[in-house]
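Novice: Quick one: the structure is below, questions incoming.
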Amino acid sequence: MIKKSSEIRKAFLTFFASRDHQIVPSSSLLPVDDPTLLFTNAGMVQFKKLWATDTPLPYRRATSCQKSLRAGGKDSDLEMVGISPKHHTFFEMLGNFSFGDYFKKEAIAWAYEVVTDILAIPQEKIWVSYYKDDEETMNLWKCFLSPDRIIGLGAKDNFWGPAGDTGPCGPCTELYYDFGAERSCGKSECLPGCDCGRFLEFWNLVFPQFDQQPDGSRLPLKRRGVDTGMGLERIARILQGTETNYETDLFWPIICALEKLAGCCYRDPEKKVPFRIVSDHIRAIVFLLDEQLRPANEGRGYVLRNIIRRAAVAGIELNLAEPFLYRLVPVVANQLEEVYPTLKERQKDIEVALRDEEEKFHLSSEAASRKFREFLKREEISGGRLSGEVAFKLYGTLGIRREMLSRLAENEGLTIDWPGFEYCLEEEKKRSRASSSFQENREVVVAPEKVSETKFLGYETLTCSSRLLAVYKERGSELLDLVLEATPFYPEKGGQVGDQGFVSGRGVVFQVVDTQIDEKGVIYHRGQLKEGTVADLSPGMELTARVDENRRKAIAANHTATHLLHFVLRSQYGKETRQAGSYVGPDRLRFDFFCNTDIPSEKLREIEQLVQEKIFEDTRLTVKEVPLAEAIREGCLALFVHRYGEVVRTVRTGEYHAEVCGGTHVETTGQIGLFKIINYASVGKNLRRIEAITRLAAIEWINQGEEILQKTANLLGIPRSKVFERIVKIKEESEQKSRQLIETEQVLADYQAEKLLGEVRRVKTATGEVALVVNKVKTWQVDTLGRIADQIESKVSPAVVVLASDFSEKLFVVIKVSESLRKKLSAGSLMKQLASLMKGGGGGSSTFAQGSGRKDTDITLIQAKVTQLVEST
């Protein structure tokens, strides 16, 4: 009997392969052609355009086991993880698909056969739901199940899609497992769809019939079909007879390893939720890092950072106060390497990246604790409860994440008004929606004739005639987006920027400033009319598209240069050195790569020289399209293998280097001309960045350097060969003079402090006598002002010391207030009062502040103002 998750995965794919389905590898978790999706959240994502466009079909039936993630976006399950026994961030989706081939009858019959014959689930345990208006589906199920176990539900439960904001969608039917009446809530309406726990939905059969448009309307699909999704974690729970998904063989090895690290037990009711959160999140973390995604403060990287921090917070609840998640990476890699071999190949890189982020979290956690305590000192919290507005301020302004905020409040015996927090968060989201993507904000200017995947001709030609299909406009922008039937314009993707140029014809001249592509393969030429009006544009009109040739050549040179740089780096530092990301524009290239060794400046010069040698060899590039498996066999670098389709474009440079690449390139390496590295930096742990230029940009850069060198030599009156030596000498002399000046400043500061101690005034206040010093001193640094104020305050405390000095065309002021006075008299508040007097600005804490204003401010006015404010306390 099938029980193991590996057996389930294999049996499912084998069943459908025996029924003429092509087994298709999982696509990437990071959709490259769908701007409406943060992550791949279903098995059908990689197949969307096969239903919605006229794209030639590589197959009419397919089956896959798809890596999926629901964390961020409208389908996020992040908040449910740990609490729910069945929701996850990362999961595997088994599915079978039909593209204009079989439909409901076969899909339902095969689903029933898989469940009852292959997986041996008893028929009496199976219930199904269907979309209440879909009588065809209801009648098909009656061939297999009794009518009382076929339940009609509304669109909320049984109308699926799209995955994102646009694309295929349609009615669906879901299969449920019945855990028995003893698990029921007891209500008469306890049927599939009830949340009580009796029924577990484990397989969804979607029948894509419609194509949802950006405006929300639905058109008939080009090819209707079938899209099913069975959660591997859920079916494993059913077949293995576990209480929740977490006791299955997909999570249990992680939980056992975590028990050893934490020294506590999963069976402890108080520990179950953090155990589940960590065991779920580590899978998502490992797979996202394997995809070369790295933590960041926006977009997908921000979601990854949030998942890591949620897992780290859960670890703290398990008494794991130091980085520990990276130690679970081998557990995940060993468990799934047979299906996803790159996990093992990149295990070290994943561990390093994760540990680096964990260390950052623990540093930020300490900083958050400090900020929180400082905030509590400044603010009065009434009733032991943080208001939603205050909590959101801590969250948004001070950067204290939600989980951390909850823990810090709990440690201080405070509660948080989370509904109020959610309201503030939702208001912030509303404000940010104004800057949402083009897909969500475009409006039709010229009604589309028939928009489908754009035919790209830009590898063969830079000019072509084509029919206009549609014109769109982004709300709030003056730019238009033209869609043509075919185009030579390369759209932005794979790190390469989009082409620029002109589209013209019949009295219209349209300047293209950018080129973009959507998830359906439709290419948008973004720009503005230089001649003619919108009224001159009509669907079907013939236009000529012409790419800016010089700009394209510059981009092609930079793109090929990244391949040569990649080759040289790998030859010097080993095969574990590989690309992490890139930018390829006409002006420069940026190449991000993983490398365990920092690169010294002399080695950079050697790398530059080796790339230049490859350019001078003038090697011819060969481009061809081959099946992905064949490309890998031939030794092509396929860095993002899960993002590719079955057929890929390979770019081979001579006999020494080949990559899977969809970008544009030169014909021979000699066309690159010159290659010059202009910047190198470490941008993360073991993540390096090289920026470089080629062709005319490199010549201009060298000429500028030559000009600066010659001007410097002329200024110093020496030969160019002596410039460096002279600058070193000038620097040494300058540093010596600076040291002498600092020593002189210190002596002067000590002298002035002693002198001012003789001018201390005693001011009577309501709470006692305060020493007051308000005066002008001679200095050239604000730091010296601060030192003098510190010396005076330390000898006459309690005191208020206000010192001013004019230099650099301004009057600079510092204020020092004794610690014992800070609750009655704040230095920061005093500075705000003086700032308006000086017509300047400033601020600070309760004990120290500094500011500046007009140089001609009368010091006697400052003295009078400070005296008045001190006397009134």
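Order determines the names: the first chain of the structure tokens is A, the second B, and so forth; residues in each chain are numbered 1 upward, and ligands are numbered 1 upward as they are shown.
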Within 9 Å of stretch 1-8 of chain A, which residues of stretch 116-160 of chain A come that close, and what is the closest atom pair and distance in Å for each? Count only C-alpha atoms and give it as a Markdown table.

Specialist:
| residue | atom | partner | partner_atom | distance |
| --- | --- | --- | --- | --- |
| A:Ile118 | CA | A:Ile2 | CA | 7.9 |
| A:Leu119 | CA | A:Ile2 | CA | 6.2 |
| A:Ala120 | CA | A:Met1 | CA | 7.5 |

Novice: Would you output that residue set with N, CA and C atoms, as a compact mmCIF listing (two decimals), in the first residue's frame?

Specialist:
# COMPACT_ATOMS: atom_id res chain seq x y z
N ILE A 118 -5.40 3.55 -7.04
CA ILE A 118 -3.96 3.75 -6.85
C ILE A 118 -3.63 4.03 -5.39
N LEU A 119 -4.39 4.94 -4.78
CA LEU A 119 -4.11 5.33 -3.39
C LEU A 119 -4.92 4.52 -2.38
N ALA A 120 -5.88 3.75 -2.88
CA ALA A 120 -6.66 2.82 -2.04
C ALA A 120 -7.39 3.50 -0.89

Novice: Excluding same-chain residues fewer than 4 positions from A:Cys256, what lies within 9 Å of it counting only C-alpha atoms, as a short mmCIF file (atom, residue, chain, number, x, y, z; two decimals) with N, CA, C and O atoms, in the first residue's frame?

Specialist:
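around_26.cif written:
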data_model
loop_
_atom_site.label_atom_id
_atom_site.label_comp_id
_atom_site.auth_asym_id
_atom_site.auth_seq_id
_atom_site.Cartn_x
_atom_site.Cartn_y
_atom_site.Cartn_z
N PHE A 251 7.53 16.42 7.27
CA PHE A 251 7.91 17.36 8.33
C PHE A 251 8.60 16.70 9.52
O PHE A 251 9.36 17.35 10.23
N TRP A 252 8.30 15.41 9.75
CA TRP A 252 8.75 14.78 10.99
C TRP A 252 10.27 14.77 11.15
O TRP A 252 10.76 15.02 12.26
N LYS A 260 16.15 17.99 19.07
CA LYS A 260 17.52 17.83 19.57
C LYS A 260 18.18 19.19 19.79
O LYS A 260 18.91 19.39 20.77
N LEU A 261 17.95 20.12 18.87
CA LEU A 261 18.55 21.45 19.00
C LEU A 261 17.96 22.22 20.18
O LEU A 261 18.68 22.90 20.91
N CYS A 265 10.20 19.05 23.68
CA CYS A 265 9.43 18.04 22.94
C CYS A 265 8.26 18.65 22.17
O CYS A 265 7.54 19.50 22.69
N TYR A 266 8.09 18.18 20.94
CA TYR A 266 6.97 18.62 20.09
C TYR A 266 5.63 18.29 20.73
O TYR A 266 4.65 19.01 20.54
#

Novice: Which neighbours of A:Trp160 fall inside 8 Å, counting only C-alpha atoms, when residues of the same chain fewer than 4 positions from it are skipped, and could you give them as a ChimeraX atom specification?

Specialist: /A:155,169-172,206

Novice: Need to verify the contact set: stretch 125-134 of chain A, 10 Å, only C-alpha atoms, exclusion of same-chain residues closer than 6 positions in sequence. Can you return it as JSON, numbers by chain?

Specialist: {"A": [112, 115, 116, 141, 145, 146, 147, 148, 149, 150, 151, 152, 153, 154, 155, 156, 157, 158, 159, 160, 170, 171, 172, 173, 174, 175, 176, 177, 178, 179, 180, 191, 192, 193, 199, 200, 201, 203, 204, 205, 206]}

Novice: Excluding A:Gln500 and any residue of its chain fewer than 6 positions from it, enumerate the residues within 7 Å of it, using only C-alpha atoms, and give them as number ranges by chain.

Specialist: A: 512-514, 547-548

Novice: What does the file look like for those residues with C-alpha atoms, as a CSV table (one decimal), in the first residue's frame?

Specialist:
chain,number,residue,atom,x,y,z
A,512,VAL,CA,9.6,53.9,-27.8
A,513,VAL,CA,11.4,54.6,-24.5
A,514,ASP,CA,10.9,51.1,-22.9
A,547,VAL,CA,15.0,49.4,-32.9
A,548,ASP,CA,17.7,51.9,-32.0

Novice: Which residues are near stretch 40-44 of chain A? Cut-off 7 Å, only C-alpha atoms, ignore same chain within fewer than 3 positions. Put them as an MDAnalysis selection string.

Specialist: chainID A and resid 29:31 37 47:48 66 68:70 93 95 227 229

Novice: Determine which residues of stretch 566-753 of chain A DSSP labels as strand (DSSP E) from the backbone of this structure, then write them out as a VMD selection string.

Specialist: chain A and resid 578 to 584 589 to 594 621 to 627 647 to 653 657 to 660 675 to 684 687 to 694

Novice: So what do you get for atom CA of A:Ser797 versus atom CA of A:Leu821, distance-wise?

Specialist: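 Value for the atom CA of A:Ser797-atom CA of A:Leu821 distance: 9.5 Å.
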
Novice: Need the shell around A:Cys196: protein/DNA/RNA residues with any atom at most 10 Å away, counting only C-alpha atoms. Skip same-chain ones fewer than 6 positions apart. Format as a PyMOL selection string?

Specialist: chain A and resi 183-187+190

Novice: Write out as JSON lines the residues of stretch 747-833 of chain A that have any atom within 12 Å of an atom of stretch 737-742 of chain A, one row each with the nearest atom pair and its distance in Å to one decimal, counting only C-alpha atoms, sorted by chain and then rising number.

Specialist:
{"residue": "A:Val747", "atom": "CA", "partner": "A:Ile742", "partner_atom": "CA", "distance": 8.7}
{"residue": "A:Leu748", "atom": "CA", "partner": "A:Ile742", "partner_atom": "CA", "distance": 9.7}
{"residue": "A:Ala749", "atom": "CA", "partner": "A:Ile742", "partner_atom": "CA", "distance": 10.2}
{"residue": "A:Thr779", "atom": "CA", "partner": "A:Ile742", "partner_atom": "CA", "distance": 10.8}
{"residue": "A:Trp780", "atom": "CA", "partner": "A:Leu741", "partner_atom": "CA", "distance": 9.9}
{"residue": "A:Gln781", "atom": "CA", "partner": "A:Ile742", "partner_atom": "CA", "distance": 9.7}
{"residue": "A:Asp783", "atom": "CA", "partner": "A:Ile742", "partner_atom": "CA", "distance": 10.8}
{"residue": "A:Thr784", "atom": "CA", "partner": "A:Ile742", "partner_atom": "CA", "distance": 9.3}

Novice: Give me, as a ChimeraX atom specification, the residues of stretch 718-820 of chain A that a backbone DSSP run labels alpha helix (DSSP H).

Specialist: /A:723-757,782-796

Novice: Find, counting only C-alpha atoms, the residue in A:Asn596, A:Thr242, A:Gln496, A:Thr765 that gets nearest to A:Arg570.

Specialist: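 The answer is A:Asn596, which sits nearest to A:Arg570.
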
Novice: From the options A:Lys104, A:Lys344, A:Arg276, A:Arg300, which residue's atoms come nearest to A:Gly225, counting only C-alpha atoms?

Specialist: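 When distances to A:Gly225 are compared using only C-alpha atoms, the smallest one comes from A:Lys104.
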
Novice: Per residue of stretch 531-615 of chain A within 12 Å of stretch 655-664 of chain A, note the shortest atom pair and the distance in Å to one decimal, counting only C-alpha atoms, and order the rows by chain and increasing residue number, as a Markdown table.

Specialist:
| residue | atom | partner | partner_atom | distance |
| --- | --- | --- | --- | --- |
| A:Arg551 | CA | A:Thr664 | CA | 11.8 |
| A:Arg552 | CA | A:Thr664 | CA | 8.2 |
| A:Lys553 | CA | A:Thr664 | CA | 8.9 |
| A:Ala554 | CA | A:Thr664 | CA | 10.3 |
| A:Ile555 | CA | A:Thr664 | CA | 7.7 |
| A:Ala556 | CA | A:Thr664 | CA | 5.3 |
| A:Ala557 | CA | A:Thr664 | CA | 8.7 |
| A:Asn558 | CA | A:Thr664 | CA | 9.6 |
| A:His559 | CA | A:Thr664 | CA | 7.1 |
| A:Thr560 | CA | A:Thr664 | CA | 8.1 |
| A:Ala561 | CA | A:Thr664 | CA | 11.5 |
| A:Thr562 | CA | A:Glu659 | CA | 10.9 |
| A:His563 | CA | A:Glu659 | CA | 7.8 |
| A:Leu564 | CA | A:His657 | CA | 8.0 |
| A:Leu565 | CA | A:His657 | CA | 10.7 |
| A:His566 | CA | A:His657 | CA | 9.2 |
| A:Phe567 | CA | A:His657 | CA | 6.5 |
| A:Val568 | CA | A:His657 | CA | 9.7 |
| A:Leu569 | CA | A:His657 | CA | 12.0 |
| A:Arg570 | CA | A:His657 | CA | 10.5 |
| A:Ser571 | CA | A:Tyr656 | CA | 10.5 |
| A:Arg578 | CA | A:Glu659 | CA | 11.7 |
| A:Gln579 | CA | A:Glu659 | CA | 11.2 |
| A:Ser582 | CA | A:Gly663 | CA | 11.9 |
| A:Tyr583 | CA | A:Gly663 | CA | 11.6 |
| A:Val584 | CA | A:Gly663 | CA | 9.5 |
| A:Gly585 | CA | A:Thr664 | CA | 11.3 |
| A:Pro586 | CA | A:Thr664 | CA | 11.9 |
| A:Lys614 | CA | A:Tyr656 | CA | 10.3 |

Novice: Got time to write the residues from that selection, N, CA, C and O atoms, as a compact mmCIF listing (two decimals), in the first residue's frame?

Specialist:
# COMPACT_ATOMS: atom_id res chain seq x y z
N ARG A 551 22.13 51.58 -29.74
CA ARG A 551 21.83 51.22 -28.36
C ARG A 551 21.79 49.70 -28.21
O ARG A 551 22.33 49.14 -27.24
N ARG A 552 21.14 49.00 -29.16
CA ARG A 552 21.07 47.54 -29.10
C ARG A 552 22.48 46.93 -29.15
O ARG A 552 22.78 45.97 -28.44
N LYS A 553 23.36 47.49 -30.00
CA LYS A 553 24.72 46.96 -30.09
C LYS A 553 25.47 47.12 -28.77
O LYS A 553 26.22 46.23 -28.36
N ALA A 554 25.25 48.25 -28.10
CA ALA A 554 25.90 48.49 -26.81
C ALA A 554 25.39 47.49 -25.76
O ALA A 554 26.17 46.95 -24.97
N ILE A 555 24.08 47.23 -25.77
CA ILE A 555 23.49 46.27 -24.84
C ILE A 555 24.04 44.86 -25.13
O ILE A 555 24.41 44.13 -24.21
N ALA A 556 24.07 44.49 -26.41
CA ALA A 556 24.56 43.16 -26.80
C ALA A 556 26.02 42.97 -26.36
O ALA A 556 26.40 41.90 -25.86
N ALA A 557 26.84 44.00 -26.53
CA ALA A 557 28.24 43.92 -26.11
C ALA A 557 28.34 43.69 -24.60
O ALA A 557 29.13 42.87 -24.13
N ASN A 558 27.55 44.43 -23.85
CA ASN A 558 27.58 44.28 -22.39
C ASN A 558 27.06 42.91 -21.95
O ASN A 558 27.55 42.33 -20.98
N HIS A 559 26.06 42.38 -22.68
CA HIS A 559 25.52 41.08 -22.29
C HIS A 559 26.55 39.97 -22.55
O HIS A 559 26.78 39.11 -21.70
N THR A 560 27.16 39.99 -23.71
CA THR A 560 28.19 38.99 -23.99
C THR A 560 29.36 39.13 -23.02
O THR A 560 29.95 38.13 -22.59
N ALA A 561 29.67 40.36 -22.62
CA ALA A 561 30.75 40.59 -21.66
C ALA A 561 30.46 39.92 -20.32
O ALA A 561 31.36 39.43 -19.65
N THR A 562 29.17 39.90 -19.92
CA THR A 562 28.83 39.21 -18.66
C THR A 562 29.13 37.71 -18.76
O THR A 562 29.57 37.10 -17.80
N HIS A 563 28.90 37.13 -19.94
CA HIS A 563 29.21 35.71 -20.13
C HIS A 563 30.72 35.47 -20.03
O HIS A 563 31.16 34.50 -19.39
N LEU A 564 31.51 36.34 -20.65
CA LEU A 564 32.97 36.19 -20.58
C LEU A 564 33.45 36.37 -19.14
O LEU A 564 34.32 35.63 -18.67
N LEU A 565 32.89 37.36 -18.44
CA LEU A 565 33.26 37.60 -17.04
C LEU A 565 32.91 36.39 -16.18
O LEU A 565 33.70 35.96 -15.32
N HIS A 566 31.75 35.83 -16.42
CA HIS A 566 31.30 34.64 -15.68
C HIS A 566 32.30 33.49 -15.91
O HIS A 566 32.71 32.80 -14.96
N PHE A 567 32.68 33.29 -17.15
CA PHE A 567 33.64 32.23 -17.48
C PHE A 567 34.96 32.43 -16.75
O PHE A 567 35.52 31.50 -16.15
N VAL A 568 35.49 33.65 -16.78
CA VAL A 568 36.78 33.93 -16.16
C VAL A 568 36.70 33.74 -14.64
O VAL A 568 37.60 33.14 -14.02
N LEU A 569 35.64 34.22 -14.02
CA LEU A 569 35.48 34.07 -12.57
C LEU A 569 35.45 32.60 -12.17
O LEU A 569 36.06 32.19 -11.18
N ARG A 570 34.72 31.79 -12.93
CA ARG A 570 34.64 30.35 -12.62
C ARG A 570 35.99 29.66 -12.84
O ARG A 570 36.36 28.74 -12.11
N SER A 571 36.72 30.11 -13.86
CA SER A 571 38.05 29.50 -14.12
C SER A 571 39.04 29.87 -13.02
O SER A 571 39.96 29.09 -12.74
N ARG A 578 29.22 31.39 -9.12
CA ARG A 578 28.17 31.44 -10.14
C ARG A 578 27.34 32.71 -10.01
O ARG A 578 27.31 33.36 -8.97
N GLN A 579 26.66 33.03 -11.08
CA GLN A 579 25.85 34.23 -11.16
C GLN A 579 24.70 34.21 -10.17
O GLN A 579 24.04 33.20 -9.98
N SER A 582 21.98 40.07 -12.47
CA SER A 582 22.72 40.95 -13.36
C SER A 582 21.84 42.11 -13.82
O SER A 582 20.62 42.05 -13.73
N TYR A 583 22.52 43.14 -14.31
CA TYR A 583 21.86 44.24 -15.03
C TYR A 583 22.66 44.44 -16.31
O TYR A 583 23.89 44.56 -16.27
N VAL A 584 21.97 44.46 -17.43
CA VAL A 584 22.64 44.68 -18.72
C VAL A 584 21.92 45.83 -19.42
O VAL A 584 20.78 45.71 -19.85
N GLY A 585 22.60 46.97 -19.49
CA GLY A 585 22.05 48.14 -20.16
C GLY A 585 23.00 48.62 -21.24
O GLY A 585 24.06 48.03 -21.47
N PRO A 586 22.69 49.72 -21.90
CA PRO A 586 23.60 50.24 -22.95
C PRO A 586 24.80 50.96 -22.36
O PRO A 586 25.83 51.08 -23.00
N LYS A 614 40.04 37.35 -24.08
CA LYS A 614 38.97 36.60 -24.75
C LYS A 614 38.29 37.47 -25.81
O LYS A 614 37.86 36.99 -26.86

Novice: Select, from A:Thr244, A:Asn96, A:Thr89, A:Gln212, the residue with the minimum atom-to-atom distance to A:Asp280, counting only C-alpha atoms.

Specialist: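 With only C-alpha atoms as the atom set, the closest residue is A:Thr89.
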
Novice: With only C-alpha atoms as the atoms that count, which of A:Ser365, A:Ser406, A:Ser188, A:Ser64 lies nearest to A:Ser26?

Specialist: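 Under the stated criterion, the closest residue is A:Ser64.
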
Novice: Any idea what the distance is between atom CA of A:Gln22 and atom CA of A:Arg61?

Specialist: 6.1 Å

Novice: Would you work out the distance separating atom CA of A:Val471 from atom CA of A:Trp51, expressed in Å to one decimal?

Specialist: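 We find that atom CA of A:Val471 and atom CA of A:Trp51 lie 23.3 Å from each other.
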
Novice: Return the single residue from A:Pro719, A:Gly673, A:Pro341, A:Gly840 that is closest to A:Ala697, with distances computed using only C-alpha atoms.

Specialist: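 Closest residue, counting only C-alpha atoms: A:Gly673.
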